[in-house]
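Peer 1: Below you will find the structure I want to go over with you.
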Amino acid sequence: MKCVYVAIPVSVATLRLYVDKGRKWNAVEHLLLFSLSHAPLDAETLVEKTNLPWRLIVEVMSRLMRVGWVELVSTKTGVTFRITIAGQAVVGNDSLPAVTRPFSRRAGFSIDKITGTVFKAKGLNARSRSYLKRLRSTSDFIELPPIPGADRFVADEVISALLEEDEHCRGIEPLGSRFVDSFAVVAVTEGEIEGLPTVAPTFLRKCIINAVDLHLGKKSVQEHDLFNSIENTISEKELVEFNFKLSDLIIGGADHNQHIVETIQKSTSWIVIHSTFVTATRFSLLLPYLNEAALRGVRIDILWGKSKNDDGSNNTELEVNKCRGMIFDEIVQERIRLHSFTTNSHAKIILADNGRGAMIGTIGSCNWLSSSFESLDLSVIISDSYLVGEISSKLSKLAMGDAGHWSGLVGDLASLAANLKKRKTNSISNAYGALVLGTEHNDFMLRARDFAVDRIHIVSHKISKNVDTLVVDPIVAALSSKALTVDCKYSEYAHPADEQVALDIIKTATEKGAVFQRITNINVHAKYLAWDDDHILITSQNILSADPTDNSCSEIGIYIKSKNISSFVIDKFNCGIIEK
């Protein structure tokens, strides 16, 4: 049987992980601790109340006693279990804190340059170029070409790949950016790959098998068509099941103002705000709340995105410097960190702890540190651990800046993301969701075109000549094939030169049955795409204007499928316009 060795290009690096290692608590243990929060109970009563086996209850109580959250108490009727003061302090948290021991270790990893998958060092044995030369001279050997950009660094994915199941990441030493080019070598015999870890994605396996078939003459495709020759259909974006309430939506300026103030007031550990723009005026109004939070030990990181100026000058950077000058207390200066670089992102995000041991994320259209809160904005609060982890992951990527530097903030956000994405939220799922980045917004416009049955509703702060290919072409195609209502609303033209072009495009769309309306009695700053009753994409992207060139974090939104969510938003939005 013919054996062919295949070299996979990889980037190799090492970092130091600081972790807490130990057992996490499950929902049953949390439930039993909660059962004791009002009064002591004996084992028999717990069996009756919970319908759990007596032996399981005794085992759980023993574990809870070992960490000091439960104690045994003798009474006239016998021995009962009683929650301690320490137990009362944690029982109200969304999840019980793990009891762990801290330690650190160095961990090597590699990222393949074809799919961007992260492997532990022991998963792929890295080889040098000189090793390949020796192998080429003695064996049947081929080398896979890299796909440009495939090994783009994602910090939390690296940490997630290196963490063991019982480990919680506390931080890392930023050594991961020191990459070395190398190769992983696998052997292929009769379509079987030896030396590739089971976590390797299907696409990588297809690339290897396809390359071997080309090498052995089983296919006539030229080598430069290697990847194009692989059948690789685009799959649906993976959706996360989570619990959603209509009260998680924030609609209107006053509610956004209330949300950021309450978020700051509730936080006990960490707040991260990404606002596209920052103004000293708005910052000064929030500063008393930020000061109070900093003085009670909260860490506050402020990231900012784009400049308002077409000539490249950066008013936002000047405003950030003014904000720094408003902070006089040395302790507050250490805890409120206005970062010095632009992320070049239009995203609007808050990530914060809720004061009860869990993290929440807020994503939408509001510029938290520049808004007057008089515009009609739309955002959504996310509490699902996995989705909040995704938000932290994107903030970690933004915090790298153009230089791609793995700073302390990048490592902290990546560690948080890795930890959150390992957790399972103990709630009933009634919705599906996914973060949407950059060009992925266009995919959801096509999804609305293909699957909308009754209506498509689009709201965008700005409109530009890009509306032709981004929106008009898909909605005209939808209108030509089914009976839909299509309603598009906006407030401004992206550029003065866009006005006439946009009006001409709108005229064509109107003739096909679409309705476009410019709202002038209120500044519509919300950005969303909704269809039928249950689908909505809430975002930072001006859907009728912006056209990202890749699926980077330049624009960030969230798609949610939940019963009546779009109907609710559309009704509230229309009421907001009428009231003004």
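As shown in the structure tokens, the chain order sets the letters A, B, ...; within each chain, residues go from 1, and ligands are also counted from 1 in the order they appear.
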Segment 323-541 of chain A: which residues are strand (DSSP E or B) by DSSP, as a ChimeraX atom specification?
Peer 2: /A:336-342,349-353,359-364,376,378-382,431-437,455-463,485-493,515-518,524,528-531,535-539
Peer 1: Which residues are near Glu59 of chain A? Cut-off 12 Å, only C-alpha atoms, ignore same chain within fewer than 5 positions. Put them as a PyMOL selection string.
Peer 2: chain A and resi 28-29+32+43+52-54+64-66
Peer 1: Using only C-alpha atoms, what table do you get, as CSV, when you list each residue of segment 309-396 of chain A with an atom no more than 7 Å from segment 242-257 of chain A, its nearest pair of atoms, and their distance in Å rounded to one decimal, rows by chain then rising number?
Peer 2:
residue,atom,partner,partner_atom,distance
A:Phe373,CA,A:Gly253,CA,4.0
A:Glu374,CA,A:Gly253,CA,5.0
A:Ser375,CA,A:Gly253,CA,5.5
A:Leu376,CA,A:Gly252,CA,4.6
A:Asp377,CA,A:Gly252,CA,5.1
A:Leu378,CA,A:Ile251,CA,4.8
A:Ser379,CA,A:Ile250,CA,5.1
A:Val380,CA,A:Leu249,CA,4.5
A:Ile381,CA,A:Asp248,CA,5.1
A:Asp384,CA,A:Phe242,CA,6.1
Peer 1: Would you mind exporting the chosen residues as a PDB file, in the first residue's frame, restricted to all heavy atoms?
Peer 2:
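Result file again.pdb:
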ATOM      1  N   PHE A 373     -28.689  60.548  24.142  1.00  0.00           N
ATOM      2  CA  PHE A 373     -29.832  59.714  24.543  1.00  0.00           C
ATOM      3  C   PHE A 373     -31.174  60.358  24.185  1.00  0.00           C
ATOM      4  O   PHE A 373     -32.167  60.181  24.874  1.00  0.00           O
ATOM      5  CB  PHE A 373     -29.769  59.365  26.038  1.00  0.00           C
ATOM      6  CG  PHE A 373     -28.558  58.557  26.384  1.00  0.00           C
ATOM      7  CD1 PHE A 373     -27.524  59.099  27.119  1.00  0.00           C
ATOM      8  CD2 PHE A 373     -28.436  57.243  25.940  1.00  0.00           C
ATOM      9  CE1 PHE A 373     -26.395  58.351  27.419  1.00  0.00           C
ATOM     10  CE2 PHE A 373     -27.310  56.488  26.232  1.00  0.00           C
ATOM     11  CZ  PHE A 373     -26.287  57.040  26.977  1.00  0.00           C
ATOM     12  N   GLU A 374     -31.149  61.109  23.080  1.00  0.00           N
ATOM     13  CA  GLU A 374     -32.386  61.665  22.534  1.00  0.00           C
ATOM     14  C   GLU A 374     -32.782  60.964  21.244  1.00  0.00           C
ATOM     15  O   GLU A 374     -33.877  61.153  20.730  1.00  0.00           O
ATOM     16  CB  GLU A 374     -32.224  63.158  22.288  1.00  0.00           C
ATOM     17  CG  GLU A 374     -32.005  63.959  23.575  1.00  0.00           C
ATOM     18  CD  GLU A 374     -31.745  65.424  23.307  1.00  0.00           C
ATOM     19  OE1 GLU A 374     -31.581  65.782  22.110  1.00  0.00           O
ATOM     20  OE2 GLU A 374     -31.708  66.217  24.271  1.00  0.00           O
ATOM     21  N   SER A 375     -31.879  60.139  20.698  1.00  0.00           N
ATOM     22  CA  SER A 375     -32.152  59.418  19.460  1.00  0.00           C
ATOM     23  C   SER A 375     -32.925  58.137  19.762  1.00  0.00           C
ATOM     24  O   SER A 375     -32.962  57.668  20.903  1.00  0.00           O
ATOM     25  CB  SER A 375     -30.841  59.066  18.747  1.00  0.00           C
ATOM     26  OG  SER A 375     -30.111  60.228  18.441  1.00  0.00           O
ATOM     27  N   LEU A 376     -33.501  57.575  18.722  1.00  0.00           N
ATOM     28  CA  LEU A 376     -34.208  56.293  18.852  1.00  0.00           C
ATOM     29  C   LEU A 376     -33.210  55.181  18.554  1.00  0.00           C
ATOM     30  O   LEU A 376     -32.862  54.927  17.403  1.00  0.00           O
ATOM     31  CB  LEU A 376     -35.382  56.241  17.878  1.00  0.00           C
ATOM     32  CG  LEU A 376     -36.321  55.030  17.992  1.00  0.00           C
ATOM     33  CD1 LEU A 376     -36.813  54.845  19.414  1.00  0.00           C
ATOM     34  CD2 LEU A 376     -37.488  55.165  17.041  1.00  0.00           C
ATOM     35  N   ASP A 377     -32.706  54.553  19.626  1.00  0.00           N
ATOM     36  CA  ASP A 377     -31.721  53.479  19.518  1.00  0.00           C
ATOM     37  C   ASP A 377     -32.366  52.151  19.883  1.00  0.00           C
ATOM     38  O   ASP A 377     -33.435  52.102  20.492  1.00  0.00           O
ATOM     39  CB  ASP A 377     -30.537  53.748  20.434  1.00  0.00           C
ATOM     40  CG  ASP A 377     -29.436  54.548  19.773  1.00  0.00           C
ATOM     41  OD1 ASP A 377     -28.915  54.079  18.745  1.00  0.00           O
ATOM     42  OD2 ASP A 377     -29.097  55.639  20.278  1.00  0.00           O
ATOM     43  N   LEU A 378     -31.674  51.061  19.505  1.00  0.00           N
ATOM     44  CA  LEU A 378     -32.136  49.712  19.834  1.00  0.00           C
ATOM     45  C   LEU A 378     -30.936  48.860  20.229  1.00  0.00           C
ATOM     46  O   LEU A 378     -29.955  48.759  19.485  1.00  0.00           O
ATOM     47  CB  LEU A 378     -32.840  49.074  18.633  1.00  0.00           C
ATOM     48  CG  LEU A 378     -33.236  47.591  18.785  1.00  0.00           C
ATOM     49  CD1 LEU A 378     -34.273  47.420  19.894  1.00  0.00           C
ATOM     50  CD2 LEU A 378     -33.764  47.038  17.469  1.00  0.00           C
ATOM     51  N   SER A 379     -31.013  48.255  21.414  1.00  0.00           N
ATOM     52  CA  SER A 379     -29.975  47.336  21.885  1.00  0.00           C
ATOM     53  C   SER A 379     -30.646  46.161  22.577  1.00  0.00           C
ATOM     54  O   SER A 379     -31.844  46.187  22.851  1.00  0.00           O
ATOM     55  CB  SER A 379     -29.020  48.039  22.859  1.00  0.00           C
ATOM     56  OG  SER A 379     -28.372  49.135  22.254  1.00  0.00           O
ATOM     57  N   VAL A 380     -29.861  45.132  22.868  1.00  0.00           N
ATOM     58  CA  VAL A 380     -30.393  43.963  23.563  1.00  0.00           C
ATOM     59  C   VAL A 380     -29.397  43.514  24.622  1.00  0.00           C
ATOM     60  O   VAL A 380     -28.177  43.561  24.415  1.00  0.00           O
ATOM     61  CB  VAL A 380     -30.694  42.816  22.568  1.00  0.00           C
ATOM     62  CG1 VAL A 380     -29.439  42.374  21.832  1.00  0.00           C
ATOM     63  CG2 VAL A 380     -31.350  41.636  23.280  1.00  0.00           C
ATOM     64  N   ILE A 381     -29.910  43.114  25.772  1.00  0.00           N
ATOM     65  CA  ILE A 381     -29.093  42.618  26.883  1.00  0.00           C
ATOM     66  C   ILE A 381     -29.016  41.097  26.781  1.00  0.00           C
ATOM     67  O   ILE A 381     -30.042  40.426  26.683  1.00  0.00           O
ATOM     68  CB  ILE A 381     -29.710  43.004  28.235  1.00  0.00           C
ATOM     69  CG1 ILE A 381     -29.913  44.519  28.317  1.00  0.00           C
ATOM     70  CG2 ILE A 381     -28.827  42.528  29.383  1.00  0.00           C
ATOM     71  CD1 ILE A 381     -30.809  44.943  29.465  1.00  0.00           C
ATOM     72  N   ASP A 384     -26.852  34.939  28.478  1.00  0.00           N
ATOM     73  CA  ASP A 384     -26.396  33.575  28.226  1.00  0.00           C
ATOM     74  C   ASP A 384     -24.871  33.516  28.250  1.00  0.00           C
ATOM     75  O   ASP A 384     -24.198  34.314  27.581  1.00  0.00           O
ATOM     76  CB  ASP A 384     -26.914  33.101  26.865  1.00  0.00           C
ATOM     77  CG  ASP A 384     -26.409  31.724  26.509  1.00  0.00           C
ATOM     78  OD1 ASP A 384     -26.944  30.736  27.038  1.00  0.00           O
ATOM     79  OD2 ASP A 384     -25.459  31.642  25.702  1.00  0.00           O
TER      80      ASP A 384
END
Peer 1: Could you pull out the alpha helix (DSSP H) residues of segment 144-312 of chain A, going by DSSP on the backbone, and write them as an MDAnalysis selection string?
Peer 2: chainID A and resid 155:162 202:215 253:266 280:295
Peer 1: Store the residues of this selection in a file with N, CA and C atoms, as a compact mmCIF listing (two decimals), in the first residue's frame.
Peer 2:
# COMPACT_ATOMS: atom_id res chain seq x y z
N ALA A 155 -7.47 34.88 20.35
CA ALA A 155 -6.86 34.58 21.64
C ALA A 155 -7.67 33.59 22.48
N ASP A 156 -8.99 33.78 22.56
CA ASP A 156 -9.77 32.90 23.42
C ASP A 156 -9.85 31.48 22.88
N GLU A 157 -9.76 31.31 21.55
CA GLU A 157 -9.76 29.96 20.99
C GLU A 157 -8.48 29.23 21.38
N VAL A 158 -7.38 29.97 21.46
CA VAL A 158 -6.13 29.36 21.91
C VAL A 158 -6.26 28.91 23.36
N ILE A 159 -6.77 29.79 24.21
CA ILE A 159 -6.91 29.45 25.63
C ILE A 159 -7.87 28.28 25.80
N SER A 160 -9.00 28.30 25.08
CA SER A 160 -9.98 27.22 25.19
C SER A 160 -9.37 25.87 24.82
N ALA A 161 -8.52 25.87 23.80
CA ALA A 161 -7.90 24.62 23.36
C ALA A 161 -6.92 24.08 24.39
N LEU A 162 -6.35 24.98 25.19
CA LEU A 162 -5.32 24.56 26.15
C LEU A 162 -5.88 24.21 27.52
N THR A 202 -13.28 18.76 9.41
CA THR A 202 -13.48 17.97 8.19
C THR A 202 -12.80 18.61 6.99
N PHE A 203 -12.84 19.94 6.92
CA PHE A 203 -12.24 20.62 5.76
C PHE A 203 -10.75 20.35 5.66
N LEU A 204 -10.05 20.31 6.79
CA LEU A 204 -8.62 20.01 6.77
C LEU A 204 -8.38 18.60 6.28
N ARG A 205 -9.21 17.65 6.73
CA ARG A 205 -9.08 16.27 6.27
C ARG A 205 -9.31 16.17 4.77
N LYS A 206 -10.30 16.92 4.27
CA LYS A 206 -10.58 16.90 2.83
C LYS A 206 -9.40 17.46 2.04
N CYS A 207 -8.80 18.52 2.57
CA CYS A 207 -7.64 19.11 1.88
C CYS A 207 -6.50 18.10 1.77
N ILE A 208 -6.26 17.37 2.85
CA ILE A 208 -5.17 16.38 2.86
C ILE A 208 -5.45 15.26 1.87
N ILE A 209 -6.65 14.68 1.94
CA ILE A 209 -7.00 13.57 1.04
C ILE A 209 -7.00 14.03 -0.41
N ASN A 210 -7.53 15.24 -0.66
CA ASN A 210 -7.58 15.75 -2.03
C ASN A 210 -6.18 15.96 -2.59
N ALA A 211 -5.27 16.46 -1.75
CA ALA A 211 -3.90 16.69 -2.19
C ALA A 211 -3.21 15.37 -2.54
N VAL A 212 -3.46 14.34 -1.73
CA VAL A 212 -2.87 13.03 -2.00
C VAL A 212 -3.43 12.45 -3.29
N ASP A 213 -4.74 12.58 -3.51
CA ASP A 213 -5.34 12.07 -4.76
C ASP A 213 -4.74 12.77 -5.98
N LEU A 214 -4.52 14.08 -5.87
CA LEU A 214 -3.89 14.80 -6.98
C LEU A 214 -2.47 14.29 -7.21
N HIS A 215 -1.76 14.09 -6.12
CA HIS A 215 -0.37 13.64 -6.21
C HIS A 215 -0.26 12.26 -6.85
N GLY A 253 -33.94 56.46 23.74
CA GLY A 253 -32.82 57.10 24.40
C GLY A 253 -32.84 57.02 25.91
N ALA A 254 -34.00 57.30 26.53
CA ALA A 254 -34.08 57.31 27.99
C ALA A 254 -33.75 55.95 28.58
N ASP A 255 -34.23 54.89 27.95
CA ASP A 255 -33.97 53.54 28.46
C ASP A 255 -32.48 53.18 28.33
N HIS A 256 -31.84 53.65 27.27
CA HIS A 256 -30.40 53.40 27.12
C HIS A 256 -29.61 54.13 28.20
N ASN A 257 -29.99 55.36 28.48
CA ASN A 257 -29.33 56.12 29.53
C ASN A 257 -29.48 55.42 30.88
N GLN A 258 -30.68 54.96 31.17
CA GLN A 258 -30.94 54.26 32.42
C GLN A 258 -30.12 52.97 32.49
N HIS A 259 -30.00 52.28 31.36
CA HIS A 259 -29.29 50.99 31.36
C HIS A 259 -27.82 51.17 31.70
N ILE A 260 -27.15 52.14 31.09
CA ILE A 260 -25.71 52.27 31.36
C ILE A 260 -25.47 52.73 32.78
N VAL A 261 -26.33 53.60 33.30
CA VAL A 261 -26.17 54.05 34.68
C VAL A 261 -26.37 52.88 35.65
N GLU A 262 -27.42 52.10 35.44
CA GLU A 262 -27.69 50.96 36.33
C GLU A 262 -26.60 49.89 36.21
N THR A 263 -26.09 49.69 35.02
CA THR A 263 -25.02 48.72 34.83
C THR A 263 -23.79 49.11 35.64
N ILE A 264 -23.43 50.39 35.59
CA ILE A 264 -22.28 50.87 36.36
C ILE A 264 -22.53 50.74 37.85
N GLN A 265 -23.75 51.08 38.28
CA GLN A 265 -24.07 51.03 39.71
C GLN A 265 -24.09 49.61 40.27
N LYS A 266 -24.49 48.64 39.46
CA LYS A 266 -24.58 47.26 39.93
C LYS A 266 -23.25 46.52 39.92
N ALA A 280 -16.19 64.34 25.60
CA ALA A 280 -15.92 64.75 26.97
C ALA A 280 -17.20 65.16 27.69
N THR A 281 -18.14 65.74 26.95
CA THR A 281 -19.41 66.18 27.55
C THR A 281 -20.17 64.99 28.11
N ARG A 282 -20.31 63.95 27.30
CA ARG A 282 -21.06 62.77 27.76
C ARG A 282 -20.31 62.05 28.87
N PHE A 283 -18.98 61.95 28.73
CA PHE A 283 -18.17 61.27 29.74
C PHE A 283 -18.30 61.96 31.09
N SER A 284 -18.35 63.29 31.09
CA SER A 284 -18.45 64.04 32.35
C SER A 284 -19.75 63.74 33.08
N LEU A 285 -20.83 63.46 32.32
CA LEU A 285 -22.11 63.14 32.94
C LEU A 285 -22.09 61.75 33.58
N LEU A 286 -21.33 60.84 33.00
CA LEU A 286 -21.22 59.50 33.56
C LEU A 286 -20.13 59.38 34.62
N LEU A 287 -19.22 60.36 34.68
CA LEU A 287 -18.05 60.25 35.54
C LEU A 287 -18.39 60.06 37.02
N PRO A 288 -19.41 60.72 37.58
CA PRO A 288 -19.73 60.45 38.99
C PRO A 288 -20.04 58.97 39.26
N TYR A 289 -20.77 58.33 38.35
CA TYR A 289 -21.09 56.91 38.52
C TYR A 289 -19.84 56.05 38.34
N LEU A 290 -19.00 56.41 37.36
CA LEU A 290 -17.76 55.67 37.12
C LEU A 290 -16.82 55.83 38.30
N ASN A 291 -16.76 57.04 38.87
CA ASN A 291 -15.92 57.28 40.05
C ASN A 291 -16.34 56.39 41.22
N GLU A 292 -17.64 56.36 41.47
CA GLU A 292 -18.14 55.54 42.57
C GLU A 292 -17.80 54.08 42.36
N ALA A 293 -17.95 53.61 41.13
CA ALA A 293 -17.64 52.21 40.84
C ALA A 293 -16.14 51.94 41.04
N ALA A 294 -15.30 52.84 40.55
CA ALA A 294 -13.85 52.65 40.69
C ALA A 294 -13.44 52.64 42.16
N LEU A 295 -14.04 53.50 42.96
CA LEU A 295 -13.67 53.57 44.38
C LEU A 295 -14.11 52.34 45.16
Peer 1: Can you measure atom CA of Leu318 of chain A to atom CA of His339 of chain A for me? One decimal in Å is fine.
Peer 2: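 Rounded to one decimal, the two atoms are 12.3 Å apart.
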Peer 1: Using 9 Å as the limit and counting only C-alpha atoms, can you tabulate each residue of segment 278-357 of chain A that touches segment 542-565 of chain A, with its shortest atom-to-atom distance in Å and the two atoms involved, as CSV?
Peer 2:
residue,atom,partner,partner_atom,distance
A:Gly305,CA,A:Ser554,CA,8.8
A:Thr343,CA,A:Ser554,CA,8.4
A:Asn344,CA,A:Ser554,CA,6.6
A:Ser345,CA,A:Ser554,CA,4.1
A:His346,CA,A:Glu555,CA,5.4
A:Ala347,CA,A:Glu555,CA,5.2
A:Lys348,CA,A:Ile556,CA,7.8
A:Ile349,CA,A:Ile556,CA,8.7
Peer 1: Save out the residues we just selected, N, CA, C and O atoms, as a PDB file, in the first residue's frame.
Peer 2:
ATOM      1  N   GLY A 305     -13.831  53.510  18.840  1.00  0.00           N
ATOM      2  CA  GLY A 305     -13.698  53.026  17.475  1.00  0.00           C
ATOM      3  C   GLY A 305     -13.232  54.036  16.464  1.00  0.00           C
ATOM      4  O   GLY A 305     -12.055  54.348  16.376  1.00  0.00           O
ATOM      5  N   THR A 343      -9.906  51.135  17.763  1.00  0.00           N
ATOM      6  CA  THR A 343     -10.136  49.762  17.329  1.00  0.00           C
ATOM      7  C   THR A 343     -10.580  49.693  15.874  1.00  0.00           C
ATOM      8  O   THR A 343     -10.712  48.615  15.309  1.00  0.00           O
ATOM      9  N   ASN A 344     -10.867  50.858  15.278  1.00  0.00           N
ATOM     10  CA  ASN A 344     -11.385  50.936  13.898  1.00  0.00           C
ATOM     11  C   ASN A 344     -12.690  50.152  13.735  1.00  0.00           C
ATOM     12  O   ASN A 344     -12.958  49.586  12.680  1.00  0.00           O
ATOM     13  N   SER A 345     -13.487  50.141  14.784  1.00  0.00           N
ATOM     14  CA  SER A 345     -14.750  49.413  14.743  1.00  0.00           C
ATOM     15  C   SER A 345     -15.912  50.358  15.007  1.00  0.00           C
ATOM     16  O   SER A 345     -15.794  51.320  15.768  1.00  0.00           O
ATOM     17  N   HIS A 346     -17.039  50.036  14.387  1.00  0.00           N
ATOM     18  CA  HIS A 346     -18.276  50.796  14.554  1.00  0.00           C
ATOM     19  C   HIS A 346     -19.181  50.126  15.583  1.00  0.00           C
ATOM     20  O   HIS A 346     -20.330  50.534  15.775  1.00  0.00           O
ATOM     21  N   ALA A 347     -18.685  49.100  16.270  1.00  0.00           N
ATOM     22  CA  ALA A 347     -19.500  48.339  17.222  1.00  0.00           C
ATOM     23  C   ALA A 347     -19.802  49.161  18.462  1.00  0.00           C
ATOM     24  O   ALA A 347     -19.052  50.071  18.836  1.00  0.00           O
ATOM     25  N   LYS A 348     -20.937  48.815  19.099  1.00  0.00           N
ATOM     26  CA  LYS A 348     -21.346  49.474  20.346  1.00  0.00           C
ATOM     27  C   LYS A 348     -21.696  48.380  21.360  1.00  0.00           C
ATOM     28  O   LYS A 348     -22.716  47.697  21.234  1.00  0.00           O
ATOM     29  N   ILE A 349     -20.857  48.229  22.393  1.00  0.00           N
ATOM     30  CA  ILE A 349     -20.951  47.071  23.299  1.00  0.00           C
ATOM     31  C   ILE A 349     -20.681  47.490  24.742  1.00  0.00           C
ATOM     32  O   ILE A 349     -19.812  48.326  24.992  1.00  0.00           O
TER      33      ILE A 349
END
